[in-house]
Every structure is written in C-alpha cells, then in structure tokens.
>>> print(open('work-v7.pdb').read())   # PDB, C-alpha atoms
ATOM      1  CA  MET A   1      -4.031  -7.002  12.310  1.00  0.00           C
ATOM      2  CA  LYS A   2      -2.110  -9.835  10.693  1.00  0.00           C
ATOM      3  CA  ARG A   3      -0.499  -8.946   7.375  1.00  0.00           C
ATOM      4  CA  GLU A   4      -2.134 -11.786   5.456  1.00  0.00           C
ATOM      5  CA  ARG A   5      -5.572 -10.428   6.444  1.00  0.00           C
ATOM      6  CA  LEU A   6      -4.734  -7.188   4.623  1.00  0.00           C
ATOM      7  CA  LEU A   7      -4.392  -8.790   1.195  1.00  0.00           C
ATOM      8  CA  ASN A   8      -7.037  -7.692  -1.333  1.00  0.00           C
ATOM      9  CA  ARG A   9      -8.337  -5.057   1.088  1.00  0.00           C
ATOM     10  CA  ARG A  10      -8.434  -1.284   0.983  1.00  0.00           C
ATOM     11  CA  VAL A  11      -5.927   0.037   3.530  1.00  0.00           C
ATOM     12  CA  ILE A  12      -5.082   3.500   4.867  1.00  0.00           C
ATOM     13  CA  PHE A  13      -1.302   4.053   4.793  1.00  0.00           C
ATOM     14  CA  LYS A  14       0.600   6.755   6.679  1.00  0.00           C
ATOM     15  CA  LEU A  15       4.015   7.176   5.068  1.00  0.00           C
ATOM     16  CA  HIS A  16       6.773   9.185   6.728  1.00  0.00           C
ATOM     17  CA  GLY A  17       6.304  12.881   5.875  1.00  0.00           C
ATOM     18  CA  MET A  18       2.957  12.416   4.086  1.00  0.00           C
ATOM     19  CA  ASP A  19      -0.734  12.624   4.959  1.00  0.00           C
ATOM     20  CA  PRO A  20      -2.628   9.296   5.197  1.00  0.00           C
ATOM     21  CA  LEU A  21      -3.536   7.824   1.790  1.00  0.00           C
ATOM     22  CA  ASP A  22      -5.467   4.723   0.729  1.00  0.00           C
ATOM     23  CA  SER A  23      -4.818   1.848  -1.648  1.00  0.00           C
ATOM     24  CA  THR A  24      -5.589  -1.847  -2.112  1.00  0.00           C
ATOM     25  CA  ILE A  25      -2.914  -4.365  -1.138  1.00  0.00           C
ATOM     26  CA  LEU A  26      -2.489  -6.970  -3.868  1.00  0.00           C
ATOM     27  CA  LYS A  27       0.339  -9.037  -2.382  1.00  0.00           C
ATOM     28  CA  GLN A  28       3.381  -8.793  -0.155  1.00  0.00           C
ATOM     29  CA  ASP A  29       6.928 -10.076  -0.150  1.00  0.00           C
ATOM     30  CA  GLU A  30       9.812  -9.902   2.321  1.00  0.00           C
ATOM     31  CA  THR A  31      10.415  -6.141   1.825  1.00  0.00           C
ATOM     32  CA  GLY A  32       7.036  -4.591   1.064  1.00  0.00           C
ATOM     33  CA  TYR A  33       3.619  -4.548  -0.586  1.00  0.00           C
ATOM     34  CA  TRP A  34       2.376  -4.415  -4.156  1.00  0.00           C
ATOM     35  CA  ILE A  35      -0.522  -1.949  -4.069  1.00  0.00           C
ATOM     36  CA  ARG A  36      -3.089  -0.806  -6.633  1.00  0.00           C
ATOM     37  CA  GLY A  37      -4.960   2.446  -7.069  1.00  0.00           C
ATOM     38  CA  GLY A  38      -6.460   4.697  -4.467  1.00  0.00           C
ATOM     39  CA  THR A  39      -4.858   7.968  -3.487  1.00  0.00           C
ATOM     40  CA  LEU A  40      -1.480   6.382  -2.681  1.00  0.00           C
ATOM     41  CA  ALA A  41      -0.470   4.877  -6.052  1.00  0.00           C
ATOM     42  CA  PRO A  42      -0.059   8.218  -7.885  1.00  0.00           C
ATOM     43  CA  GLU A  43       2.161   9.508  -5.042  1.00  0.00           C
ATOM     44  CA  LEU A  44       4.741   6.741  -5.497  1.00  0.00           C
ATOM     45  CA  GLY A  45       7.475   7.255  -8.062  1.00  0.00           C
ATOM     46  CA  GLN A  46       7.433   5.752 -11.543  1.00  0.00           C
ATOM     47  CA  SER A  47      10.480   3.640 -10.621  1.00  0.00           C
ATOM     48  CA  ASN A  48       8.154   1.634  -8.361  1.00  0.00           C
ATOM     49  CA  CYS A  49       5.762   0.639 -11.181  1.00  0.00           C
ATOM     50  CA  SER A  50       5.070  -2.672 -12.747  1.00  0.00           C
ATOM     51  CA  LEU A  51       4.224  -0.842 -16.019  1.00  0.00           C
ATOM     52  CA  PRO A  52       4.258   2.920 -16.703  1.00  0.00           C
ATOM     53  CA  GLU A  53       0.555   3.001 -17.629  1.00  0.00           C
ATOM     54  CA  SER A  54      -0.494   0.869 -14.622  1.00  0.00           C
ATOM     55  CA  ASP A  55      -1.693   2.039 -11.217  1.00  0.00           C
ATOM     56  CA  VAL A  56       0.148  -0.895  -9.559  1.00  0.00           C
ATOM     57  CA  ARG A  57       3.102   0.215  -7.436  1.00  0.00           C
ATOM     58  CA  TYR A  58       5.589  -1.286  -5.005  1.00  0.00           C
ATOM     59  CA  LEU A  59       5.763   0.116  -1.463  1.00  0.00           C
ATOM     60  CA  GLU A  60       8.668  -0.778   0.841  1.00  0.00           C
ATOM     61  CA  PHE A  61       7.900  -1.496   4.520  1.00  0.00           C
ATOM     62  CA  THR A  62      10.538   1.071   5.559  1.00  0.00           C
ATOM     63  CA  ARG A  63       8.415   3.912   4.117  1.00  0.00           C
ATOM     64  CA  ILE A  64       5.333   3.012   6.211  1.00  0.00           C
ATOM     65  CA  GLU A  65       4.785   4.787   9.541  1.00  0.00           C
ATOM     66  CA  TRP A  66       1.482   2.963  10.188  1.00  0.00           C
ATOM     67  CA  LEU A  67      -1.398   1.340   8.333  1.00  0.00           C
ATOM     68  CA  ARG A  68      -4.919   0.161   9.064  1.00  0.00           C
ATOM     69  CA  ALA A  69      -7.626  -1.605   7.126  1.00  0.00           C
ATOM     70  CA  THR A  70     -10.692   0.441   6.213  1.00  0.00           C
ATOM     71  CA  ARG A  71     -14.069  -0.610   7.522  1.00  0.00           C
ATOM     72  CA  ALA A  72     -16.202  -2.847   5.351  1.00  0.00           C
ATOM     73  CA  GLY A  73     -18.329  -0.797   2.988  1.00  0.00           C
ATOM     74  CA  SER A  74     -16.109   2.318   3.085  1.00  0.00           C
TER      75      SER A  74
END
>>> encode(input="work-v7.pdb", output="structure tokens")
Amino acid sequence: MKRERLLNRRVIFKLHGMDPLDSTILKQDETGYWIRGGTLAPELGQSNCSLPESDVRYLEFTRIEWLRATRAGS
C-alpha cells in the first residue's frame, strides 16, 4: 500500500520487539509518521510528544517492522 493512502487511516503497526498495536496516521515526513491515539500512542515515550497532555506522537520509520491498514469499519 502506498504511504499517502495511509494518511488519516487506522493502521496496525508491528514495532521491533513489541506486539502489533494500532493508531491513526496523521501525517508523514522524511523520517517517520505523526500518529494519534489507539493502543500505540501510550507505548511511545514522552520525548516523542507534540504536547505532554496530547495523544499525538512521532514514530520513526526505523522502529517499524511492518504495518497494514485496518479494514473499513473495524
């Protein structure tokens, strides 16, 4: 799946050394994704936050083993 088709969609992420977790991709840049909510956001460190009270986090491509979009309606 093309990366631009993942924007504003719920995605299942498999990070190295972790079970698969989900989140919504807000946007991407040259090194990773800005994600919001789901089960993944709380697992990422506070240093990757836009604001401490926010559930928006930054996820580097190098941490991702694989990812896939969830099915519509899930």
>>> residues_around(input="work-v7.pdb", residues="A:Leu21", least_positions_apart="3", cutoff="10 Å", atoms="only C-alpha atoms", output="list of chain:residue names")
A:Val11, A:Ile12, A:Phe13, A:Lys14, A:Leu15, A:Met18, A:Gly38, A:Thr39, A:Leu40, A:Ala41, A:Glu43, A:Leu67
>>> resolve_selection(input="work-v7.pdb", expression="the PyMOL selection byres ((chain A and resi 59) around 10)", output="ChimeraX atom specification")
/A:15,25,28,31-35,40-41,44-45,48-49,56-58,60-64
>>> atom_distance(input="work-v7.pdb", atom1="atom CA of A:Arg36", atom2="atom CA of A:Ser54")
8.6 Å
>>> atom_distance(input="work-v7.pdb", atom1="atom CA of A:Leu6", atom2="atom CA of A:Arg71")
11.8 Å
>>> atom_distance(input="work-v7.pdb", atom1="atom CA of A:Glu53", atom2="atom CA of A:Arg5")
28.2 Å
>>> build_atoms(input="work-v7.pdb", residues="stretch 9-20 of chain A", atoms="N, CA, C and O atoms", output="CSV table (one decimal), in the coordinates of the input")
chain,number,residue,atom,x,y,z
A,9,ARG,N,-7.5,-6.0,0.3
A,9,ARG,CA,-8.3,-5.1,1.1
A,9,ARG,C,-7.9,-3.6,0.9
A,9,ARG,O,-6.7,-3.4,0.7
A,10,ARG,N,-8.8,-2.7,1.0
A,10,ARG,CA,-8.4,-1.3,1.0
A,10,ARG,C,-7.8,-0.9,2.3
A,10,ARG,O,-8.3,-1.3,3.4
A,11,VAL,N,-6.7,-0.3,2.3
A,11,VAL,CA,-5.9,0.0,3.5
A,11,VAL,C,-5.6,1.5,3.5
A,11,VAL,O,-5.3,2.1,2.5
A,12,ILE,N,-5.6,2.1,4.7
A,12,ILE,CA,-5.1,3.5,4.9
A,12,ILE,C,-3.6,3.4,5.3
A,12,ILE,O,-3.3,2.7,6.3
A,13,PHE,N,-2.7,4.0,4.5
A,13,PHE,CA,-1.3,4.1,4.8
A,13,PHE,C,-0.9,5.4,5.3
A,13,PHE,O,-1.3,6.4,4.7
A,14,LYS,N,-0.1,5.5,6.3
A,14,LYS,CA,0.6,6.8,6.7
A,14,LYS,C,2.1,6.6,6.4
A,14,LYS,O,2.7,5.7,7.1
A,15,LEU,N,2.6,7.2,5.4
A,15,LEU,CA,4.0,7.2,5.1
A,15,LEU,C,4.7,8.3,5.8
A,15,LEU,O,4.1,9.4,6.0
A,16,HIS,N,6.0,8.1,6.1
A,16,HIS,CA,6.8,9.2,6.7
A,16,HIS,C,6.7,10.5,5.9
A,16,HIS,O,7.0,10.5,4.7
A,17,GLY,N,6.3,11.6,6.5
A,17,GLY,CA,6.3,12.9,5.9
A,17,GLY,C,5.1,13.1,5.0
A,17,GLY,O,5.1,14.1,4.3
A,18,MET,N,4.1,12.2,5.0
A,18,MET,CA,3.0,12.4,4.1
A,18,MET,C,1.7,12.3,4.9
A,18,MET,O,1.7,11.6,6.0
A,19,ASP,N,0.6,12.8,4.4
A,19,ASP,CA,-0.7,12.6,5.0
A,19,ASP,C,-1.2,11.2,4.7
A,19,ASP,O,-0.7,10.6,3.7
A,20,PRO,N,-2.1,10.6,5.5
A,20,PRO,CA,-2.6,9.3,5.2
A,20,PRO,C,-3.3,9.2,3.8
A,20,PRO,O,-4.0,10.1,3.4
